[in-house]
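Next up, model05.txt (compact mmCIF, N, CA and C atoms):
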# COMPACT_ATOMS: atom_id res chain seq x y z
N PRO A 679 126.99 64.39 70.65
CA PRO A 679 127.03 65.70 70.00
C PRO A 679 126.71 65.63 68.49
N LEU A 680 127.13 64.56 67.84
CA LEU A 680 126.83 64.43 66.41
C LEU A 680 125.34 64.33 66.17
N MET A 681 124.68 63.51 66.95
CA MET A 681 123.24 63.35 66.77
C MET A 681 122.50 64.64 67.11
N ALA A 682 122.95 65.34 68.14
CA ALA A 682 122.32 66.62 68.50
C ALA A 682 122.51 67.65 67.38
N MET A 683 123.72 67.70 66.81
CA MET A 683 123.99 68.64 65.73
C MET A 683 123.12 68.30 64.51
N ALA A 684 123.06 67.03 64.14
CA ALA A 684 122.25 66.62 62.99
C ALA A 684 120.78 66.92 63.24
N GLN A 685 120.30 66.64 64.44
CA GLN A 685 118.89 66.89 64.76
C GLN A 685 118.57 68.38 64.72
N ASP A 686 119.45 69.20 65.28
CA ASP A 686 119.22 70.64 65.27
C ASP A 686 119.25 71.19 63.84
N CYS A 687 120.11 70.65 63.01
CA CYS A 687 120.16 71.06 61.61
C CYS A 687 118.85 70.69 60.92
N MET A 688 118.34 69.50 61.18
CA MET A 688 117.06 69.09 60.61
C MET A 688 115.93 69.93 61.16
N ASP A 689 115.99 70.25 62.46
CA ASP A 689 114.96 71.10 63.06
C ASP A 689 114.94 72.49 62.44
N ALA A 690 116.07 72.89 61.86
CA ALA A 690 116.14 74.18 61.16
C ALA A 690 115.58 74.06 59.74
N GLY A 691 115.05 72.87 59.43
CA GLY A 691 114.41 72.66 58.13
C GLY A 691 115.34 72.22 57.03
N LEU A 692 116.52 71.73 57.40
CA LEU A 692 117.52 71.35 56.40
C LEU A 692 117.66 69.84 56.29
N GLN A 693 118.12 69.40 55.14
CA GLN A 693 118.34 67.98 54.88
C GLN A 693 119.76 67.61 55.26
N VAL A 694 119.91 66.58 56.07
CA VAL A 694 121.23 66.15 56.53
C VAL A 694 121.43 64.69 56.14
N TYR A 695 122.59 64.42 55.58
CA TYR A 695 122.94 63.05 55.23
C TYR A 695 124.30 62.74 55.82
N LEU A 696 124.34 61.84 56.79
CA LEU A 696 125.60 61.41 57.38
C LEU A 696 126.15 60.32 56.47
N SER A 697 126.98 60.73 55.52
CA SER A 697 127.38 59.81 54.46
C SER A 697 128.51 58.87 54.84
N SER A 698 129.30 59.23 55.83
CA SER A 698 130.39 58.34 56.23
C SER A 698 130.87 58.73 57.62
N GLY A 699 130.99 57.76 58.47
CA GLY A 699 131.51 57.98 59.82
C GLY A 699 132.72 57.09 60.05
N TYR A 700 132.65 56.26 61.08
CA TYR A 700 133.75 55.36 61.39
C TYR A 700 133.97 54.38 60.25
N ARG A 701 135.23 54.16 59.92
CA ARG A 701 135.62 53.14 58.95
C ARG A 701 136.70 52.26 59.56
N SER A 702 136.54 50.98 59.42
CA SER A 702 137.58 50.05 59.86
C SER A 702 138.77 50.13 58.90
N TYR A 703 139.86 49.49 59.26
CA TYR A 703 141.03 49.46 58.39
C TYR A 703 140.66 48.90 57.02
N SER A 704 139.95 47.79 57.00
CA SER A 704 139.60 47.17 55.72
C SER A 704 138.63 48.05 54.93
N GLU A 705 137.71 48.71 55.60
CA GLU A 705 136.79 49.62 54.90
C GLU A 705 137.55 50.81 54.30
N GLN A 706 138.52 51.35 55.07
CA GLN A 706 139.30 52.48 54.55
C GLN A 706 140.18 52.01 53.39
N SER A 707 140.71 50.83 53.48
CA SER A 707 141.52 50.29 52.39
C SER A 707 140.70 50.17 51.12
N ALA A 708 139.48 49.63 51.22
CA ALA A 708 138.59 49.51 50.07
C ALA A 708 138.19 50.89 49.55
N ASN A 709 137.93 51.83 50.46
CA ASN A 709 137.57 53.20 50.06
C ASN A 709 138.72 53.85 49.30
N PHE A 710 139.94 53.67 49.80
CA PHE A 710 141.12 54.24 49.15
C PHE A 710 141.25 53.72 47.72
N ILE A 711 141.12 52.44 47.56
CA ILE A 711 141.23 51.84 46.22
C ILE A 711 140.12 52.36 45.30
N ARG A 712 138.90 52.42 45.81
CA ARG A 712 137.76 52.88 45.01
C ARG A 712 137.96 54.33 44.57
N VAL A 713 138.33 55.21 45.50
CA VAL A 713 138.50 56.63 45.17
C VAL A 713 139.69 56.81 44.21
N CYS A 714 140.76 56.09 44.44
CA CYS A 714 141.91 56.17 43.52
C CYS A 714 141.49 55.74 42.12
N ASN A 715 140.81 54.62 42.02
CA ASN A 715 140.36 54.14 40.71
C ASN A 715 139.42 55.12 40.04
N ASN A 716 138.49 55.69 40.81
CA ASN A 716 137.53 56.65 40.25
C ASN A 716 138.19 57.93 39.77
N ASN A 717 139.35 58.25 40.33
CA ASN A 717 140.03 59.50 40.00
C ASN A 717 141.30 59.29 39.18
N GLY A 718 141.59 58.05 38.82
CA GLY A 718 142.75 57.77 37.99
C GLY A 718 144.08 58.07 38.65
N VAL A 719 144.16 57.84 39.96
CA VAL A 719 145.41 58.04 40.70
C VAL A 719 145.76 56.77 41.45
N ALA A 720 147.02 56.65 41.82
CA ALA A 720 147.45 55.46 42.56
C ALA A 720 147.79 55.77 44.01
N ASP A 721 148.15 57.03 44.29
CA ASP A 721 148.63 57.40 45.62
C ASP A 721 147.62 58.16 46.46
N GLY A 722 146.40 58.36 45.94
CA GLY A 722 145.38 59.09 46.68
C GLY A 722 145.48 60.59 46.58
N LYS A 723 146.39 61.10 45.73
CA LYS A 723 146.61 62.54 45.63
C LYS A 723 146.17 63.09 44.28
N ASP A 724 145.74 64.37 44.31
CA ASP A 724 145.37 65.04 43.06
C ASP A 724 146.63 65.56 42.36
N ALA A 725 146.44 66.26 41.27
CA ALA A 725 147.56 66.77 40.47
C ALA A 725 148.42 67.77 41.24
N ASN A 726 147.86 68.40 42.28
CA ASN A 726 148.60 69.35 43.09
C ASN A 726 149.34 68.70 44.25
N GLY A 727 149.18 67.39 44.39
CA GLY A 727 149.84 66.67 45.47
C GLY A 727 149.08 66.64 46.78
N PHE A 728 147.79 67.02 46.75
CA PHE A 728 146.96 67.00 47.95
C PHE A 728 146.13 65.72 47.97
N TYR A 729 145.98 65.17 49.15
CA TYR A 729 145.19 63.95 49.27
C TYR A 729 143.72 64.20 48.94
N ILE A 730 143.16 63.31 48.14
CA ILE A 730 141.72 63.26 47.90
C ILE A 730 141.12 62.11 48.69
N THR A 731 141.97 61.20 49.11
CA THR A 731 141.61 60.09 49.98
C THR A 731 142.86 59.64 50.71
N MET A 732 142.67 59.19 51.92
CA MET A 732 143.82 58.78 52.74
C MET A 732 143.96 57.27 52.72
N PRO A 733 145.20 56.79 52.73
CA PRO A 733 145.40 55.34 52.79
C PRO A 733 144.95 54.79 54.15
N ALA A 734 144.65 53.51 54.16
CA ALA A 734 144.28 52.86 55.42
C ALA A 734 145.40 53.06 56.43
N GLY A 735 145.01 53.37 57.65
CA GLY A 735 145.98 53.64 58.70
C GLY A 735 146.25 55.13 58.90
N ALA A 736 145.79 55.97 57.96
CA ALA A 736 146.04 57.40 58.03
C ALA A 736 144.76 58.24 58.02
N SER A 737 143.62 57.60 57.96
CA SER A 737 142.35 58.34 57.86
C SER A 737 141.77 58.65 59.23
N GLU A 738 141.30 59.88 59.39
CA GLU A 738 140.62 60.26 60.63
C GLU A 738 139.34 59.46 60.83
N HIS A 739 138.78 58.96 59.75
CA HIS A 739 137.57 58.15 59.88
C HIS A 739 137.83 56.90 60.72
N GLN A 740 139.04 56.41 60.71
CA GLN A 740 139.38 55.23 61.50
C GLN A 740 139.46 55.54 62.98
N SER A 741 139.55 56.81 63.34
CA SER A 741 139.60 57.19 64.75
C SER A 741 138.20 57.28 65.36
N GLY A 742 137.19 57.35 64.49
CA GLY A 742 135.83 57.54 64.97
C GLY A 742 135.52 58.99 65.30
N LEU A 743 136.43 59.91 64.99
CA LEU A 743 136.25 61.33 65.30
C LEU A 743 135.83 62.16 64.09
N ALA A 744 135.75 61.54 62.93
CA ALA A 744 135.43 62.28 61.71
C ALA A 744 134.15 61.75 61.10
N VAL A 745 133.42 62.66 60.46
CA VAL A 745 132.18 62.29 59.79
C VAL A 745 132.03 63.15 58.54
N ASP A 746 131.57 62.52 57.48
CA ASP A 746 131.24 63.25 56.26
C ASP A 746 129.75 63.54 56.29
N ILE A 747 129.41 64.82 56.19
CA ILE A 747 128.01 65.24 56.24
C ILE A 747 127.72 66.04 54.98
N THR A 748 126.65 65.64 54.29
CA THR A 748 126.26 66.36 53.09
C THR A 748 124.77 66.67 53.16
N ASP A 749 124.36 67.48 52.22
CA ASP A 749 122.93 67.69 51.99
C ASP A 749 122.43 66.41 51.34
N VAL A 750 121.26 65.96 51.72
CA VAL A 750 120.73 64.70 51.22
C VAL A 750 120.63 64.68 49.70
N TYR A 751 120.54 65.83 49.08
CA TYR A 751 120.39 65.89 47.63
C TYR A 751 121.72 65.92 46.88
N TYR A 752 122.82 65.84 47.59
CA TYR A 752 124.15 65.87 46.96
C TYR A 752 124.81 64.50 47.05
N PRO A 753 124.68 63.69 46.01
CA PRO A 753 125.28 62.36 46.05
C PRO A 753 126.80 62.39 45.87
N ILE A 754 127.33 63.44 45.28
CA ILE A 754 128.77 63.55 45.01
C ILE A 754 129.37 64.55 45.99
N LYS A 755 130.50 64.17 46.58
CA LYS A 755 131.18 65.08 47.49
C LYS A 755 132.16 65.92 46.68
N ASP A 756 131.82 67.19 46.52
CA ASP A 756 132.73 68.14 45.89
C ASP A 756 132.52 69.52 46.51
N SER A 757 133.32 70.48 46.08
CA SER A 757 133.29 71.80 46.72
C SER A 757 131.97 72.53 46.54
N SER A 758 131.13 72.10 45.60
CA SER A 758 129.84 72.78 45.42
C SER A 758 128.93 72.60 46.63
N LEU A 759 129.25 71.66 47.50
CA LEU A 759 128.47 71.48 48.73
C LEU A 759 128.45 72.75 49.58
N GLU A 760 129.50 73.57 49.46
CA GLU A 760 129.56 74.79 50.25
C GLU A 760 128.43 75.76 49.92
N ASN A 761 127.77 75.55 48.80
CA ASN A 761 126.67 76.41 48.40
C ASN A 761 125.32 75.98 48.97
N THR A 762 125.28 74.86 49.67
CA THR A 762 124.02 74.38 50.22
C THR A 762 123.73 75.05 51.57
N GLU A 763 122.47 75.18 51.87
CA GLU A 763 122.08 75.74 53.17
C GLU A 763 122.52 74.82 54.30
N THR A 764 122.54 73.53 54.04
CA THR A 764 122.99 72.57 55.07
C THR A 764 124.43 72.85 55.45
N PHE A 765 125.31 73.01 54.45
CA PHE A 765 126.72 73.29 54.75
C PHE A 765 126.85 74.61 55.50
N LYS A 766 126.14 75.63 55.03
CA LYS A 766 126.24 76.93 55.68
C LYS A 766 125.83 76.84 57.14
N TRP A 767 124.77 76.09 57.42
CA TRP A 767 124.32 75.92 58.81
C TRP A 767 125.38 75.16 59.61
N LEU A 768 125.89 74.07 59.05
CA LEU A 768 126.89 73.27 59.76
C LEU A 768 128.15 74.07 60.03
N LYS A 769 128.62 74.82 59.05
CA LYS A 769 129.83 75.61 59.26
C LYS A 769 129.63 76.65 60.35
N GLU A 770 128.45 77.24 60.40
CA GLU A 770 128.17 78.27 61.41
C GLU A 770 127.98 77.68 62.80
N HIS A 771 127.41 76.48 62.90
CA HIS A 771 127.02 75.93 64.20
C HIS A 771 127.83 74.74 64.69
N CYS A 772 128.67 74.15 63.86
CA CYS A 772 129.38 72.92 64.25
C CYS A 772 130.20 73.09 65.52
N THR A 773 130.77 74.27 65.71
CA THR A 773 131.61 74.50 66.89
C THR A 773 130.83 74.39 68.19
N ASP A 774 129.53 74.72 68.14
CA ASP A 774 128.71 74.63 69.35
C ASP A 774 128.60 73.20 69.86
N TYR A 775 128.90 72.24 68.99
CA TYR A 775 128.80 70.82 69.34
C TYR A 775 130.18 70.18 69.46
N GLY A 776 131.24 71.00 69.34
CA GLY A 776 132.60 70.49 69.46
C GLY A 776 133.20 69.99 68.17
N PHE A 777 132.63 70.37 67.02
CA PHE A 777 133.13 69.95 65.72
C PHE A 777 133.78 71.13 65.00
N ILE A 778 134.67 70.80 64.06
CA ILE A 778 135.26 71.78 63.16
C ILE A 778 135.14 71.28 61.73
N LEU A 779 135.18 72.20 60.79
CA LEU A 779 135.36 71.83 59.39
C LEU A 779 136.84 71.49 59.28
N ARG A 780 137.15 70.24 59.07
CA ARG A 780 138.52 69.76 59.24
C ARG A 780 139.49 70.21 58.15
N PHE A 781 139.05 70.23 56.91
CA PHE A 781 139.95 70.58 55.81
C PHE A 781 139.41 71.80 55.06
N PRO A 782 139.59 72.99 55.67
CA PRO A 782 139.02 74.22 55.09
C PRO A 782 139.74 74.67 53.82
N LYS A 783 139.01 75.44 53.05
CA LYS A 783 139.54 76.02 51.81
C LYS A 783 140.71 76.94 52.14
N GLY A 784 141.76 76.84 51.34
CA GLY A 784 142.93 77.69 51.53
C GLY A 784 143.96 77.13 52.50
N LYS A 785 143.69 76.00 53.08
CA LYS A 785 144.62 75.40 54.05
C LYS A 785 145.25 74.12 53.51
N GLU A 786 145.09 73.86 52.23
CA GLU A 786 145.58 72.62 51.63
C GLU A 786 147.09 72.45 51.81
N ASP A 787 147.84 73.54 51.70
CA ASP A 787 149.30 73.45 51.87
C ASP A 787 149.69 73.05 53.29
N ILE A 788 148.81 73.29 54.23
CA ILE A 788 149.09 72.95 55.63
C ILE A 788 148.58 71.56 55.97
N THR A 789 147.35 71.25 55.55
CA THR A 789 146.77 69.94 55.89
C THR A 789 147.24 68.83 54.97
N GLY A 790 147.61 69.20 53.74
CA GLY A 790 147.99 68.19 52.74
C GLY A 790 146.79 67.51 52.11
N VAL A 791 145.60 68.01 52.41
CA VAL A 791 144.35 67.41 51.95
C VAL A 791 143.55 68.47 51.19
N ILE A 792 142.83 68.05 50.15
CA ILE A 792 141.99 68.98 49.40
C ILE A 792 140.94 69.58 50.33
N TYR A 793 140.39 70.71 49.90
CA TYR A 793 139.26 71.32 50.61
C TYR A 793 138.10 70.33 50.59
N GLU A 794 137.59 70.02 51.77
CA GLU A 794 136.48 69.08 51.90
C GLU A 794 135.35 69.76 52.66
N ALA A 795 134.35 70.21 51.93
CA ALA A 795 133.21 70.91 52.52
C ALA A 795 132.26 69.95 53.23
N TRP A 796 132.64 68.72 53.37
CA TRP A 796 131.78 67.69 53.97
C TRP A 796 132.41 67.01 55.17
N HIS A 797 133.68 67.23 55.41
CA HIS A 797 134.42 66.48 56.44
C HIS A 797 134.50 67.30 57.73
N PHE A 798 133.78 66.82 58.74
CA PHE A 798 133.78 67.47 60.05
C PHE A 798 134.48 66.59 61.06
N ARG A 799 135.26 67.22 61.92
CA ARG A 799 136.06 66.50 62.90
C ARG A 799 135.63 66.91 64.30
N TYR A 800 135.40 65.93 65.14
CA TYR A 800 135.05 66.18 66.53
C TYR A 800 136.33 66.45 67.31
N VAL A 801 136.41 67.63 67.94
CA VAL A 801 137.56 67.95 68.80
C VAL A 801 137.16 67.93 70.27
N GLY A 802 135.86 67.76 70.52
CA GLY A 802 135.37 67.57 71.88
C GLY A 802 134.88 68.83 72.55
N ASP A 803 135.76 69.72 72.84
CA ASP A 803 135.44 70.92 73.60
C ASP A 803 134.96 72.03 72.67
N PRO A 804 133.72 72.50 72.84
CA PRO A 804 133.24 73.60 71.98
C PRO A 804 134.13 74.84 72.03
N ASP A 805 134.77 75.11 73.17
CA ASP A 805 135.66 76.28 73.24
C ASP A 805 136.85 76.12 72.31
N ILE A 806 137.39 74.91 72.24
CA ILE A 806 138.50 74.65 71.33
C ILE A 806 138.02 74.73 69.89
N ALA A 807 136.86 74.16 69.62
CA ALA A 807 136.31 74.22 68.27
C ALA A 807 136.12 75.68 67.84
N HIS A 808 135.60 76.50 68.74
CA HIS A 808 135.42 77.93 68.44
C HIS A 808 136.77 78.60 68.21
N ALA A 809 137.77 78.28 69.05
CA ALA A 809 139.10 78.89 68.89
C ALA A 809 139.68 78.58 67.52
N ILE A 810 139.42 77.39 67.03
CA ILE A 810 139.93 77.01 65.71
C ILE A 810 139.16 77.72 64.60
N MET A 811 137.86 77.54 64.60
CA MET A 811 137.05 78.07 63.50
C MET A 811 136.93 79.59 63.52
N ASP A 812 136.74 80.18 64.69
CA ASP A 812 136.55 81.63 64.77
C ASP A 812 137.81 82.40 64.37
N ASN A 813 138.96 81.72 64.46
CA ASN A 813 140.22 82.36 64.09
C ASN A 813 140.73 81.93 62.72
N GLY A 814 139.90 81.21 61.97
CA GLY A 814 140.26 80.81 60.62
C GLY A 814 141.43 79.86 60.56
N LEU A 815 141.55 79.02 61.57
CA LEU A 815 142.67 78.08 61.64
C LEU A 815 142.24 76.70 61.16
N CYS A 816 143.21 75.89 60.79
CA CYS A 816 142.97 74.46 60.63
C CYS A 816 143.54 73.80 61.88
N LEU A 817 143.26 72.54 62.07
CA LEU A 817 143.68 71.85 63.29
C LEU A 817 145.20 71.89 63.48
N GLU A 818 145.94 71.74 62.40
CA GLU A 818 147.42 71.76 62.51
C GLU A 818 147.91 73.09 63.05
N GLU A 819 147.32 74.19 62.56
CA GLU A 819 147.74 75.52 63.04
C GLU A 819 147.41 75.70 64.51
N TYR A 820 146.23 75.26 64.90
CA TYR A 820 145.84 75.38 66.31
C TYR A 820 146.80 74.57 67.20
N LEU A 821 147.08 73.36 66.81
CA LEU A 821 147.97 72.52 67.61
C LEU A 821 149.37 73.13 67.73
N ARG A 822 149.85 73.76 66.66
CA ARG A 822 151.13 74.44 66.74
C ARG A 822 151.08 75.61 67.73
N GLN A 823 149.96 76.35 67.71
CA GLN A 823 149.82 77.50 68.59
C GLN A 823 149.80 77.09 70.06
N VAL A 824 149.20 75.95 70.36
CA VAL A 824 149.13 75.53 71.76
C VAL A 824 150.27 74.60 72.13
N GLY A 825 151.22 74.41 71.22
CA GLY A 825 152.41 73.63 71.52
C GLY A 825 152.22 72.14 71.55
N LYS A 826 151.32 71.62 70.76
CA LYS A 826 151.10 70.16 70.71
C LYS A 826 151.72 69.58 69.47
Would you write the structure of this file as structure tokens?
Amino acid sequence: PLMAMAQDCMDAGLQVYLSSGYRSYSEQSANFIRVCNNNGVADGKDANGFYITMPAGASEHQSGLAVDITDVYYPIKDSSLENTETFKWLKEHCTDYGFILRFPKGKEDITGVIYEAWHFRYVGDPDIAHAIMDNGLCLEEYLRQVGK
């Protein structure tokens, strides 16, 4: 589904960059240290207490179900990615492939993670993905609704 989504996005004339997918424990550990150092934090959290990076053992990237997707022209992952046509296409169509925007804007208090316009999570079933995204939910809210 990831390759189909990326190909369809490119077929729509957009630039897609799969910047990060599966990470091993050691890769996530190195990523955590790098992001913390780059942001002047020790615990992976911003000034509001939301994660900007997850410690090894807690990242969805280690599950193989998460992928960071950006426009090829955006080397830095920040909220301005939401202004790209690539993001707009992905947000509109990701559910058709069983993906959700995992850490949506306005849900930081629930997810504990900053808004990430690049982090997509595979939930498998397009119907579930639609139920989450079409209702403006984050994964935690959906799981609470279905009793998981």
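The shortest atom-to-atom distance to Lys723 (chain A), with only C-alpha atoms taken into account, belongs to A:Phe710 out of A:Leu768, A:Ile806, A:Phe710, A:Gly699.
Pairwise distance (CA of Met732 (chain A), atom N of Asp686 (chain A)) equals 29.3 Å.
Proximity ranking of A:Gly825, A:Gly742, A:Gly790, A:Pro753 relative to Arg701 (chain A) places A:Gly742 first, based on all atoms listed in the file.
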Atom pair atom C of Ala795 (chain A) / CA of Tyr695 (chain A): separation (Å): 11.8 Å
Residue with smallest distance to Lys783 (chain A) - pool A:Asp721, A:Asp749, A:Asp756, A:Asp805, counting only C-alpha atoms: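 Residue with the minimum atom-to-atom distance to Lys783 (chain A): A:Asp756.
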Please produce region 698-709 of chain A, completed to N, CA, C and O atoms, as a compact mmCIF listing (two decimals), keeping the file's coordinate frame.
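Saved to rebuild_28.txt:
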# COMPACT_ATOMS: atom_id res chain seq x y z
N SER A 698 129.30 59.23 55.83
CA SER A 698 130.39 58.34 56.23
C SER A 698 130.87 58.73 57.62
O SER A 698 131.13 59.90 57.88
N GLY A 699 130.99 57.76 58.47
CA GLY A 699 131.51 57.98 59.82
C GLY A 699 132.72 57.09 60.05
O GLY A 699 133.68 57.13 59.28
N TYR A 700 132.65 56.26 61.08
CA TYR A 700 133.75 55.36 61.39
C TYR A 700 133.97 54.38 60.25
O TYR A 700 133.02 53.84 59.68
N ARG A 701 135.23 54.16 59.92
CA ARG A 701 135.62 53.14 58.95
C ARG A 701 136.70 52.26 59.56
O ARG A 701 137.66 52.78 60.12
N SER A 702 136.54 50.98 59.42
CA SER A 702 137.58 50.05 59.86
C SER A 702 138.77 50.13 58.90
O SER A 702 138.67 50.75 57.82
N TYR A 703 139.86 49.49 59.26
CA TYR A 703 141.03 49.46 58.39
C TYR A 703 140.66 48.90 57.02
O TYR A 703 141.00 49.49 55.98
N SER A 704 139.95 47.79 57.00
CA SER A 704 139.60 47.17 55.72
C SER A 704 138.63 48.05 54.93
O SER A 704 138.74 48.13 53.70
N GLU A 705 137.71 48.71 55.60
CA GLU A 705 136.79 49.62 54.90
C GLU A 705 137.55 50.81 54.30
O GLU A 705 137.28 51.22 53.17
N GLN A 706 138.52 51.35 55.07
CA GLN A 706 139.30 52.48 54.55
C GLN A 706 140.18 52.01 53.39
O GLN A 706 140.36 52.74 52.42
N SER A 707 140.71 50.83 53.48
CA SER A 707 141.52 50.29 52.39
C SER A 707 140.70 50.17 51.12
O SER A 707 141.14 50.59 50.03
N ALA A 708 139.48 49.63 51.22
CA ALA A 708 138.59 49.51 50.07
C ALA A 708 138.19 50.89 49.55
O ALA A 708 138.13 51.11 48.33
N ASN A 709 137.93 51.83 50.46
CA ASN A 709 137.57 53.20 50.06
C ASN A 709 138.72 53.85 49.30
O ASN A 709 138.51 54.51 48.27
